[in-house]
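Novice: So that you have it, the file is entry.txt, and it contains compact mmCIF, C-alpha atoms:
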# COMPACT_ATOMS: atom_id res chain seq x y z
CA MET L 2 -10.04 -17.23 19.49
CA LYS L 3 -11.97 -15.04 17.06
CA PRO L 4 -10.73 -11.70 18.54
CA ALA L 5 -7.16 -12.95 18.23
CA LEU L 6 -7.71 -13.88 14.59
CA ILE L 7 -9.29 -10.50 13.93
CA ARG L 8 -6.32 -8.71 15.51
CA CYS L 9 -3.88 -10.77 13.45
CA ARG L 10 -5.84 -9.94 10.28
CA HIS L 11 -5.80 -6.21 11.07
CA LEU L 12 -2.06 -6.40 11.82
CA LEU L 13 -1.33 -8.06 8.49
CA ARG L 14 -3.37 -5.42 6.67
CA ALA L 15 -1.40 -2.66 8.37
CA LEU L 16 1.96 -4.17 7.38
CA GLY L 17 3.65 -3.40 4.09
CA LEU L 18 4.15 -6.00 1.38
CA ARG L 19 7.77 -6.60 2.41
CA TRP L 20 6.86 -7.39 6.01
CA LYS L 21 3.85 -9.45 4.99
CA ILE L 22 6.03 -11.70 2.83
CA SER L 23 8.65 -11.96 5.60
CA VAL L 24 6.07 -12.79 8.27
CA LEU L 25 4.25 -15.33 6.10
CA LEU L 26 7.53 -16.97 5.08
CA ALA L 27 8.69 -17.11 8.70
CA VAL L 28 5.34 -18.59 9.80
CA GLY L 29 5.49 -21.17 7.02
CA CYS L 30 9.04 -22.17 7.90
CA SER L 31 8.08 -22.32 11.58
CA LEU L 32 5.24 -24.72 10.84
CA VAL L 33 7.54 -26.91 8.73
CA ALA L 34 10.24 -26.85 11.42
CA VAL L 35 7.72 -27.75 14.13
CA ALA L 36 6.34 -30.62 12.03
CA ILE L 37 9.82 -32.00 11.28
CA GLY L 38 10.83 -31.60 14.95
CA LEU L 39 7.75 -33.49 16.12
CA LEU L 40 8.44 -36.29 13.65
CA ILE L 41 12.08 -36.58 14.75
CA HIS L 42 11.10 -36.44 18.43
CA ASP L 43 8.42 -39.08 17.97
CA ALA L 44 10.75 -41.37 16.00
CA ARG L 45 13.53 -41.07 18.60
CA ALA L 46 11.10 -41.59 21.51
CA ARG L 47 9.69 -44.68 19.82
CA GLN L 48 13.19 -45.99 19.19
CA ILE L 49 14.14 -45.46 22.85
CA GLY L 50 10.92 -47.13 24.03
CA GLU L 51 11.40 -50.20 21.84
CA ALA L 52 15.01 -50.61 22.94
CA ALA L 53 14.02 -50.18 26.61
CA ARG L 54 11.21 -52.73 26.36
CA GLU L 55 13.52 -55.25 24.67
CA SER L 56 16.22 -54.69 27.29
CA ALA L 57 13.74 -55.09 30.15
CA THR L 58 12.34 -58.29 28.63
CA ASN L 59 15.80 -59.79 28.23
CA GLN L 60 16.66 -58.81 31.78
CA LEU L 61 13.45 -60.45 33.03
CA ILE L 62 14.43 -63.70 31.30
CA ARG L 63 17.84 -63.70 33.00
CA VAL L 64 16.32 -62.86 36.38
CA ARG L 65 13.84 -65.74 36.05
CA GLN L 66 16.64 -68.14 35.18
CA VAL L 67 18.66 -67.02 38.20
CA TYR L 68 15.61 -67.26 40.46
CA GLU L 69 14.75 -70.78 39.28
CA LEU L 70 18.35 -71.94 39.84
CA THR L 71 19.04 -70.26 43.18
CA GLY L 72 15.59 -69.59 44.54
CA ARG L 73 16.47 -65.99 45.28
CA LEU L 74 17.17 -62.67 43.57
CA ASP L 75 20.87 -61.95 43.88
CA ALA L 76 21.71 -58.37 42.86
CA ASP L 77 25.19 -59.41 41.75
CA LYS L 78 23.71 -61.91 39.32
CA VAL L 79 20.79 -59.95 37.95
CA GLY L 80 22.80 -56.83 37.07
CA GLU L 81 21.60 -53.23 37.35
CA ALA L 82 17.90 -54.10 37.07
CA ASP L 83 15.63 -53.70 40.06
CA ALA L 84 14.17 -57.23 40.23
CA ARG L 85 11.51 -58.03 42.78
CA VAL L 86 8.75 -60.48 43.52
CA ASP L 87 5.36 -58.91 44.15
CA SER L 88 6.78 -55.37 44.08
CA GLU L 89 4.49 -52.80 45.68
CA GLU L 90 5.45 -50.21 43.04
CA LEU L 91 4.41 -52.48 40.17
CA PRO L 92 1.72 -50.73 38.04
CA ASP L 93 -1.72 -52.29 38.47
CA ALA L 94 -2.23 -52.82 34.76
CA LEU L 95 1.05 -54.70 34.50
CA ARG L 96 0.26 -56.80 37.58
CA ALA L 97 -3.14 -57.76 36.20
CA ALA L 98 -1.66 -58.74 32.82
CA ALA L 99 1.01 -60.89 34.54
CA LEU L 100 -1.53 -62.67 36.74
CA ASN L 101 -3.46 -63.50 33.58
CA GLY L 102 -0.48 -65.55 32.49
CA SER L 103 1.22 -63.22 29.97
CA ARG L 104 4.64 -61.65 29.94
CA THR L 105 4.38 -57.93 29.20
CA THR L 106 6.13 -54.57 29.62
CA TYR L 107 5.13 -51.11 30.81
CA LEU L 108 6.87 -47.86 29.73
CA ASP L 109 6.61 -44.58 31.67
CA MET L 110 8.60 -41.64 30.25
CA ASN L 111 6.54 -38.78 31.71
CA GLY L 112 6.60 -39.54 35.40
CA PRO L 113 9.00 -38.10 37.99
CA GLU L 114 11.16 -41.25 37.65
CA PRO L 115 11.02 -42.47 34.04
CA SER L 116 11.37 -46.23 33.85
CA VAL L 117 10.41 -49.41 31.99
CA TRP L 118 8.87 -52.48 33.66
CA ALA L 119 8.77 -56.11 32.59
CA ALA L 120 6.72 -58.70 34.49
CA ARG L 121 5.60 -62.34 34.30
CA PRO L 122 3.72 -64.75 36.53
CA LEU L 123 5.73 -66.73 39.06
CA GLY L 124 3.59 -69.63 40.13
CA GLY L 125 0.26 -69.05 41.78
CA GLU L 126 -0.46 -65.47 42.79
CA HIS L 127 3.10 -64.14 42.61
CA VAL L 128 4.56 -61.81 39.99
CA LEU L 129 8.21 -61.46 39.09
CA SER L 130 9.08 -57.96 37.82
CA VAL L 131 12.09 -56.06 36.56
CA ARG L 132 12.44 -52.29 36.53
CA GLN L 133 15.05 -50.24 34.63
CA SER L 134 15.54 -46.47 34.97
CA LEU L 135 15.24 -44.33 31.82
CA ALA L 136 16.47 -41.02 33.30
CA ALA L 137 19.48 -40.94 30.98
CA GLN L 138 17.30 -41.63 27.96
CA ARG L 139 14.89 -38.84 28.92
CA GLU L 140 17.80 -36.41 29.31
CA GLU L 141 19.02 -37.47 25.89
CA LEU L 142 15.57 -36.85 24.43
CA ALA L 143 15.37 -33.42 26.12
CA GLU L 144 18.79 -32.52 24.71
CA LEU L 145 17.60 -33.57 21.26
CA ASP L 146 14.51 -31.38 21.63
CA GLY L 147 16.70 -28.42 22.59
CA GLN L 148 18.88 -28.92 19.53
CA LEU L 149 15.80 -29.17 17.29
CA VAL L 150 14.45 -25.91 18.71
CA ALA L 151 17.78 -24.13 18.23
CA TYR L 152 18.23 -25.37 14.67
CA GLY L 153 14.60 -24.55 13.87
CA ALA L 154 15.00 -21.00 15.19
CA VAL L 155 18.13 -20.52 13.06
CA ILE L 156 16.35 -21.83 9.96
CA VAL L 157 13.32 -19.60 10.57
CA ALA L 158 15.54 -16.55 11.10
CA LEU L 159 17.47 -17.25 7.90
CA ALA L 160 14.23 -17.79 5.99
CA ALA L 161 12.77 -14.54 7.35
CA ALA L 162 15.96 -12.64 6.45
CA GLY L 163 16.02 -14.13 2.95
CA GLY L 164 12.33 -13.37 2.53
CA ALA L 165 12.90 -9.79 3.68
CA VAL L 166 15.68 -9.35 1.11
CA LEU L 167 13.58 -10.74 -1.74
CA ALA L 168 10.49 -8.84 -0.59
CA SER L 169 12.51 -5.61 -0.33
CA ARG L 170 13.52 -5.88 -3.97
CA LEU L 171 9.93 -6.67 -4.98
CA SER L 172 8.55 -3.83 -2.83
CA ARG L 173 11.13 -1.38 -4.18
CA GLU L 174 10.23 -2.22 -7.78
CA LEU L 175 6.50 -1.94 -7.07
CA ARG L 176 7.00 1.39 -5.31
CA THR L 177 9.00 2.61 -8.29
CA ALA L 178 6.15 1.58 -10.58
CA ALA L 179 3.59 3.34 -8.36
CA GLU L 180 5.69 6.51 -8.15
CA THR L 181 6.13 6.54 -11.94
CA ALA L 182 2.37 6.11 -12.41
CA ARG L 183 1.77 9.07 -10.05
CA ARG L 184 4.25 11.19 -12.01
CA ILE L 185 2.48 10.30 -15.25
CA SER L 186 -0.92 11.19 -13.77
CA ALA L 187 0.56 14.52 -12.60
CA GLY L 188 1.46 15.38 -16.20
CA GLU L 189 5.05 14.12 -16.49
CA LEU L 190 4.36 12.10 -19.61
CA ASP L 191 7.99 11.17 -20.31
CA ALA L 192 8.36 9.36 -16.96
CA ARG L 193 9.28 5.68 -17.36
CA ILE L 194 10.01 2.80 -15.00
CA GLY L 195 12.66 1.20 -17.18
CA PRO L 196 13.94 -2.40 -16.94
CA SER L 197 13.44 -4.10 -13.58
CA GLY L 198 14.73 -7.28 -11.97
CA LEU L 199 17.94 -9.09 -12.76
CA PRO L 200 19.26 -8.92 -16.34
CA GLY L 201 17.83 -11.72 -18.45
CA THR L 202 14.92 -12.45 -16.10
CA ARG L 203 11.27 -11.99 -16.94
CA ASP L 204 8.94 -12.06 -13.96
CA GLU L 205 5.55 -10.52 -13.15
CA VAL L 206 7.07 -7.25 -11.91
CA ALA L 207 9.05 -6.86 -15.14
CA GLU L 208 5.87 -7.45 -17.13
CA LEU L 209 4.05 -4.84 -15.03
CA SER L 210 6.85 -2.32 -15.59
CA SER L 211 6.82 -2.97 -19.32
CA ALA L 212 3.04 -2.60 -19.46
CA VAL L 213 3.13 0.71 -17.56
CA ASP L 214 5.89 2.07 -19.80
CA THR L 215 3.99 1.00 -22.92
CA MET L 216 0.82 2.62 -21.61
CA ALA L 217 2.70 5.84 -20.78
CA ALA L 218 4.29 5.98 -24.23
CA SER L 219 0.93 5.43 -25.93
CA LEU L 220 -0.73 8.04 -23.71
CA GLN L 221 2.06 10.52 -24.41
CA ARG L 222 1.73 10.06 -28.17
CA ARG L 223 -2.03 10.56 -28.06
CA LEU L 224 -1.86 13.64 -25.86
CA GLU L 225 0.89 15.19 -27.93
CA ALA L 226 -1.13 14.55 -31.09
CA GLU L 227 -4.15 16.18 -29.44
CA GLN L 228 -2.07 19.17 -28.35
CA ARG L 229 -0.61 19.58 -31.83
CA PHE L 230 -4.07 19.35 -33.38
CA THR L 231 -5.47 21.97 -30.98
CA ALA L 232 -2.54 24.31 -31.56
CA ASP L 233 -2.66 23.85 -35.35
CA VAL L 234 -6.40 24.49 -35.51
CA ALA L 235 -6.16 27.59 -33.34
CA HIS L 236 -3.18 28.89 -35.31
CA GLU L 237 -4.86 28.32 -38.66
CA LEU L 238 -8.00 30.11 -37.47
CA ARG L 239 -6.12 33.27 -36.51
CA THR L 240 -5.54 34.44 -40.09
CA PRO L 241 -9.16 34.16 -41.36
CA LEU L 242 -10.46 35.57 -38.07
CA THR L 243 -8.19 38.56 -38.37
CA GLY L 244 -9.57 39.24 -41.85
CA LEU L 245 -13.11 38.65 -40.62
CA HIS L 246 -12.55 41.10 -37.76
CA THR L 247 -11.21 43.72 -40.17
CA ALA L 248 -14.18 43.21 -42.50
CA ALA L 249 -16.61 43.49 -39.56
CA GLU L 250 -15.11 46.85 -38.62
CA LEU L 251 -15.90 48.14 -42.13
CA LEU L 252 -19.61 47.29 -41.90
CA PRO L 253 -22.08 50.18 -41.52
CA PRO L 254 -23.37 50.85 -38.01
CA GLY L 255 -26.47 48.95 -36.97
CA ARG L 256 -27.80 46.04 -34.95
CA PRO L 257 -26.66 43.36 -37.45
CA THR L 258 -23.17 44.83 -37.42
CA GLU L 259 -23.06 44.69 -33.61
CA LEU L 260 -24.08 41.03 -33.66
CA VAL L 261 -21.43 40.18 -36.26
CA ARG L 262 -18.71 42.03 -34.34
CA ASP L 263 -19.76 40.34 -31.08
CA ARG L 264 -19.53 36.85 -32.59
CA VAL L 265 -16.22 37.62 -34.31
CA SER L 266 -14.84 38.88 -30.98
CA ALA L 267 -16.04 35.68 -29.26
CA LEU L 268 -14.34 33.57 -31.95
CA ARG L 269 -11.09 35.49 -31.53
CA THR L 270 -11.22 35.07 -27.76
CA LEU L 271 -11.87 31.34 -28.14
CA THR L 272 -8.99 31.00 -30.58
CA GLU L 273 -6.58 32.79 -28.26
CA ASP L 274 -7.77 30.62 -25.36
CA LEU L 275 -7.15 27.49 -27.39
CA LEU L 276 -3.64 28.64 -28.23
CA GLU L 277 -2.98 29.41 -24.58
CA VAL L 278 -4.25 25.99 -23.49
CA ALA L 279 -2.03 24.35 -26.12
CA ARG L 280 1.01 26.22 -24.81
CA LEU L 281 0.17 25.29 -21.22
CA ASP L 282 -0.28 21.63 -22.16
CA ALA L 283 3.07 21.64 -23.95
CA ASN L 284 4.79 23.28 -20.92
CA ARG L 285 6.07 26.07 -23.13
CA GLU L 286 5.14 28.88 -20.72
CA GLU L 287 7.88 30.44 -18.59
CA ALA L 288 7.08 32.85 -15.77
CA GLN L 289 8.92 36.13 -15.15
CA LEU L 290 8.76 36.18 -11.35
CA GLU L 291 9.15 39.44 -9.45
CA ALA L 292 8.25 40.71 -5.98
CA HIS L 293 4.91 42.56 -5.88
CA LEU L 294 2.80 43.99 -3.09
CA LEU L 295 -0.32 41.88 -3.48
CA GLY L 296 -3.05 44.33 -2.40
CA PRO L 297 -2.47 47.18 -4.88
CA LEU L 298 -1.80 44.66 -7.65
CA VAL L 299 -5.15 42.92 -7.04
CA GLU L 300 -6.98 46.27 -6.96
CA SER L 301 -5.45 47.25 -10.30
CA ILE L 302 -6.29 43.87 -11.88
CA THR L 303 -9.88 44.04 -10.61
CA ARG L 304 -10.39 47.50 -12.13
CA ARG L 305 -9.03 46.42 -15.52
CA SER L 306 -11.12 43.24 -15.58
CA GLY L 307 -14.37 45.18 -16.15
CA VAL L 308 -16.17 43.14 -13.47
CA ALA L 309 -17.98 45.07 -10.75
CA ALA L 310 -16.32 43.56 -7.68
CA GLU L 311 -15.48 44.86 -4.22
CA VAL L 312 -11.87 44.41 -3.04
CA GLU L 313 -11.37 43.78 0.68
CA GLY L 314 -8.18 43.60 2.76
CA ALA L 315 -5.94 45.17 0.13
CA ARG L 316 -4.09 47.34 2.64
CA GLY L 317 -2.99 44.48 4.91
CA SER L 318 -1.44 42.39 2.16
CA ALA L 319 2.09 41.00 1.86
CA TYR L 320 4.73 40.80 -0.85
CA VAL L 321 4.50 37.80 -3.17
CA SER L 322 6.73 36.35 -5.86
CA THR L 323 4.67 36.22 -9.04
CA ASP L 324 4.33 37.12 -12.69
CA ALA L 325 1.94 40.11 -12.73
CA ARG L 326 0.72 39.42 -16.28
CA ARG L 327 -0.10 35.78 -15.52
CA LEU L 328 -1.68 36.65 -12.17
CA GLU L 329 -3.89 39.12 -14.01
CA ARG L 330 -4.89 36.36 -16.43
CA ILE L 331 -5.81 34.09 -13.49
CA LEU L 332 -7.82 36.65 -11.54
CA THR L 333 -9.55 38.03 -14.64
CA ASN L 334 -10.72 34.54 -15.61
CA LEU L 335 -11.99 33.92 -12.08
CA LEU L 336 -13.81 37.25 -12.01
CA VAL L 337 -15.39 36.74 -15.43
CA ASN L 338 -16.39 33.21 -14.40
CA ALA L 339 -18.03 34.60 -11.22
CA ARG L 340 -19.92 37.25 -13.20
CA ARG L 341 -21.00 34.90 -15.99
CA HIS L 342 -21.97 31.81 -13.98
CA GLY L 343 -22.62 33.22 -10.50
CA ARG L 344 -24.61 36.01 -8.99
CA GLY L 345 -23.64 39.33 -7.38
CA PRO L 346 -22.23 40.79 -5.33
CA VAL L 347 -18.76 39.57 -6.29
CA THR L 348 -16.07 40.13 -3.64
CA VAL L 349 -12.30 39.86 -3.87
CA THR L 350 -10.59 39.32 -0.51
CA VAL L 351 -6.83 39.72 0.00
CA ALA L 352 -5.38 38.04 3.11
CA GLY L 353 -1.63 37.69 3.40
CA THR L 354 -0.50 35.91 0.25
CA THR L 355 -3.94 34.60 -0.75
CA VAL L 356 -6.65 36.07 -2.96
CA THR L 357 -10.25 34.83 -2.77
CA VAL L 358 -12.89 35.49 -5.43
CA ARG L 359 -16.45 34.75 -4.28
CA ASP L 360 -19.90 35.15 -5.79
CA ARG L 361 -23.40 34.44 -4.45
CA GLY L 362 -24.63 32.15 -7.21
CA PRO L 363 -25.47 28.42 -7.26
CA GLY L 364 -21.86 27.37 -6.65
CA PHE L 365 -19.54 25.04 -8.52
CA PRO L 366 -20.96 21.68 -9.70
CA GLU L 367 -19.99 18.74 -7.51
CA LYS L 368 -18.35 16.99 -10.47
CA LEU L 369 -16.11 20.00 -11.05
CA LEU L 370 -15.07 20.07 -7.39
CA ARG L 371 -14.44 16.32 -7.43
CA GLU L 372 -12.61 15.93 -10.78
CA GLY L 373 -11.35 19.45 -11.46
CA PRO L 374 -12.04 21.79 -14.42
CA GLN L 375 -12.41 20.17 -17.84
CA ARG L 376 -12.20 22.09 -21.09
CA PHE L 377 -15.45 22.60 -23.03
CA LEU L 378 -17.42 21.37 -19.99
CA THR L 379 -19.21 23.84 -17.74
CA GLY L 380 -20.68 21.16 -15.49
CA ALA L 381 -24.30 22.20 -14.91
CA ALA L 382 -27.06 24.18 -16.60
CA GLU L 383 -27.50 26.49 -13.61
CA ARG L 384 -23.91 27.68 -14.05
CA GLY L 385 -24.76 29.16 -17.43
CA GLN L 386 -23.20 28.66 -20.86
CA GLY L 387 -19.49 28.79 -21.66
CA THR L 388 -16.52 26.94 -23.09
CA GLY L 389 -15.09 25.68 -19.83
CA LEU L 390 -11.64 27.07 -20.73
CA GLY L 391 -11.52 29.88 -18.17
CA LEU L 392 -10.89 27.74 -15.10
CA THR L 393 -8.63 25.43 -17.10
CA ILE L 394 -6.43 28.39 -18.08
CA ALA L 395 -6.51 29.80 -14.54
CA LEU L 396 -5.26 26.54 -13.03
CA GLY L 397 -2.65 26.11 -15.77
CA GLN L 398 -1.25 29.64 -15.32
CA ALA L 399 -1.24 29.14 -11.54
CA GLN L 400 0.95 26.09 -11.98
CA VAL L 401 3.35 28.12 -14.14
CA ILE L 402 3.86 30.79 -11.44
CA GLY L 403 4.02 28.28 -8.58
CA ALA L 404 0.61 29.14 -7.15
CA ARG L 405 -2.36 26.95 -6.30
CA VAL L 406 -6.07 27.46 -6.95
CA ALA L 407 -8.60 25.87 -4.59
CA LEU L 408 -12.30 25.71 -5.52
CA ALA L 409 -15.09 25.39 -2.95
CA ASN L 410 -18.76 26.10 -2.28
CA PRO L 411 -18.99 28.01 1.01
CA ARG L 412 -22.27 28.10 2.90
CA PRO L 413 -24.96 29.22 2.47
CA THR L 414 -24.57 29.91 -1.27
CA GLY L 415 -22.01 30.90 -3.84
CA ALA L 416 -18.76 29.73 -5.39
CA CYS L 417 -15.33 30.50 -3.94
CA ALA L 418 -11.95 30.35 -5.72
CA THR L 419 -8.84 30.88 -3.61
CA VAL L 420 -5.42 31.61 -5.14
CA LEU L 421 -2.49 30.76 -2.84
CA LEU L 422 0.67 32.58 -3.95
CA PRO L 423 4.28 31.95 -2.84
CA PRO L 424 5.67 34.70 -0.59
CA ALA L 425 8.47 36.89 -1.87
Taking this structure as input, can you express it in the form of structure tokens?
Specialist:
Amino acid sequence: MKPALIRCRHLLRALGLRWKISVLLAVGCSLVAVAIGLLIHDARARQIGEAARESATNQLIRVRQVYELTGRLDADKVGEADARVDSEELPDALRAAALNGSRTTYLDMNGPEPSVWAARPLGGEHVLSVRQSLAAQREELAELDGQLVAYGAVIVALAAAGGAVLASRLSRELRTAAETARRISAGELDARIGPSGLPGTRDEVAELSSAVDTMAASLQRRLEAEQRFTADVAHELRTPLTGLHTAAELLPPGRPTELVRDRVSALRTLTEDLLEVARLDANREEAQLEAHLLGPLVESITRRSGVAAEVEGARGSAYVSTDARRLERILTNLLVNARRHGRGPVTVTVAGTTVTVRDRGPGFPEKLLREGPQRFLTGAAERGQGTGLGLTIALGQAQVIGARVALANPRPTGACATVLLPPA
């Protein structure tokens, strides 16, 4: 019994919501139909039994009257009943009750020959009995059971079909809500579910849709305000930083001047990164895609990056469809990240339409691999200091050109970033 219940539970878990509702509704209707059928069958069987007992008792009275008047059992006068004295087929329980001086009946609907008996004592040790066949009544009861089964099956089928229709609408609306939530989480902040259900109705699904839309609108407003704030701050910083850079260039040579120029350069780089992140968040970047042979392009980008890295597999590369300027931004950020947070040697491997940048440092933090890059968060102390914008920009630019960046920690040590580019 328990294995069967376990299998049924696993089957229900594997079914979708639509089929679960249909199955449960069909099972519920089946139980109701079976209960009603049993009640009707029991009531009809009881009615047939009471009528048969009354008919047999009346027949026994007539047979006794005939027997007392004539001294014999004449079939023409007792009717269709099988009347006998001391019948050998008389049930023992009925015989014993008759010999005790009572008039009683005995009903048998389940035997090979359904019948009803009535018996009474007939002076001394003799018993007068009457037997009537109930074959026609049992056939009637069997026909009633067949009709109940047929009607019950039709009702269950209609209930299952109606449940499937209602569950399909509910499942479709829930799937729409789930798909909209996935689109919002993927960055499509203007995605909305819209009104659901019949016009004028207000059910739980409609409330869920309204709540998701309200949440999406609130989230969109907050993110847009954050993007505007980031862009405004970065834009406003450009003018004073430009003046500060010009003033730093006019300082006399020396160690203090080098420190000032280094910090001003870092501020300018951070400001430009913030502006780039703001543009990526606002989806204002448009790629200029062209066909490029990947190997020579990667070699050229690696040289210009200023990072001492070895390029492998450049000669066996393929043509890709990409924006060379944005690909350079992606690979340069990955190379600088490998130099700053990892450990040498840094290798760049070209294979087909993929480019892999690997270092031999402590690897990416587990949180970064699990949740993805987050701005102004470098993840772990062993990865060094930084703003956390490099990987964020690399992944954002990759999305613009239709590429994908995968981060991993290959054994035994090191961090690995793989850029998968679309073929030309």
Novice: Would you pick out the contacts of stretch 110-113 of chain L at 12 Å or less, using all atoms listed in the file, so that residues sharing its chain but fewer than 5 positions from it are not included, and give the list as a list in words?
Specialist: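 Listed by chain and then number, they are Ala46, Arg47, Ile49, Gly50, Ala53, Trp118, Gln133, Ser134, Leu135, Ala136, Ala137, Gln138, Arg139, Glu140, Leu142 and Ala143 of chain L.
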Novice: For stretch 295-303 of chain L, list every protein, DNA or RNA residue within 7 Å, evaluated using all atoms listed in the file, and leave out those in the same chain fewer than 2 positions away; present the list as a list in words.
Specialist: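 My reading of the contact set: His293, Arg305, Ser306, Val308, Val312, Ala315, Arg316, Ser318, Ala319, Tyr320, Val321, Glu329 and Val351 of chain L.
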Novice: What is the distance between atom CA of L:Ala162 and atom CA of L:Leu26, in Å to one decimal?
Specialist: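 Atom-to-atom, atom CA of L:Ala162 to atom CA of L:Leu26, that is 9.6 Å.
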Novice: Between atom CA of L:Gly314 and atom CA of L:Ile331, what distance in Å does the model show, to one decimal?
Specialist: 19.0 Å
Novice: Please list as a count of residues only every residue within 8 Å of L:Ala288, counting all atoms listed in the file and excluding residues in the same chain fewer than 4 positions away.
Specialist: 5
Novice: Give me, as a ChimeraX atom specification, all polymer residues having an atom no more than 12 Å from L:Ser186, counting only C-alpha atoms and skipping those fewer than 6 positions away in the same chain.
Specialist: /L:179-180,192,213,216-217,220-221
Novice: I want to know what sits within 12 Å of L:Leu251, based on all atoms listed in the file, with residues of the same chain fewer than 6 positions away left out; could you give that as number ranges by chain?
Specialist: L: 244-245, 258-259, 261-262
Novice: Using all atoms listed in the file, find the one residue out of L:Leu421, L:Leu369, L:Gln148, L:Thr333 that sits nearest to L:Thr355.
Specialist: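 The closest residue to L:Thr355 is L:Leu421.
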Novice: Calculated over all atoms listed in the file, which of the candidates L:Val206, L:Ala94, L:Ala416, L:Ile394 has the smallest distance to L:Ala339?
Specialist: L:Ala416
Novice: Between atom CA of L:Thr181 and atom CA of L:Pro423, what distance in Å does the model show, to one decimal?
Specialist: 27.1 Å
Novice: Which residue is closest to L:Asn410? Choose from L:Gly391, L:Pro424, L:Gly364, L:Gly255 and count all atoms listed in the file.
Specialist: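 Looking at the shortest contact to L:Asn410, the residue is L:Gly364.
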Novice: Using only C-alpha atoms, list the residues that have an atom at most 7 Å from (-4.4, 33.4, -2.7), coordinates as in the file, as a PyMOL selection string.
Specialist: chain L and resi 354-357+419-422
Novice: Could those selected residues go to a file with C-alpha atoms, as a CSV table (one decimal), keeping the file's coordinate frame?
Specialist:
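Final file, out.csv:
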chain,number,residue,atom,x,y,z
L,354,THR,CA,-0.5,35.9,0.2
L,355,THR,CA,-3.9,34.6,-0.8
L,356,VAL,CA,-6.6,36.1,-3.0
L,357,THR,CA,-10.2,34.8,-2.8
L,419,THR,CA,-8.8,30.9,-3.6
L,420,VAL,CA,-5.4,31.6,-5.1
L,421,LEU,CA,-2.5,30.8,-2.8
L,422,LEU,CA,0.7,32.6,-4.0
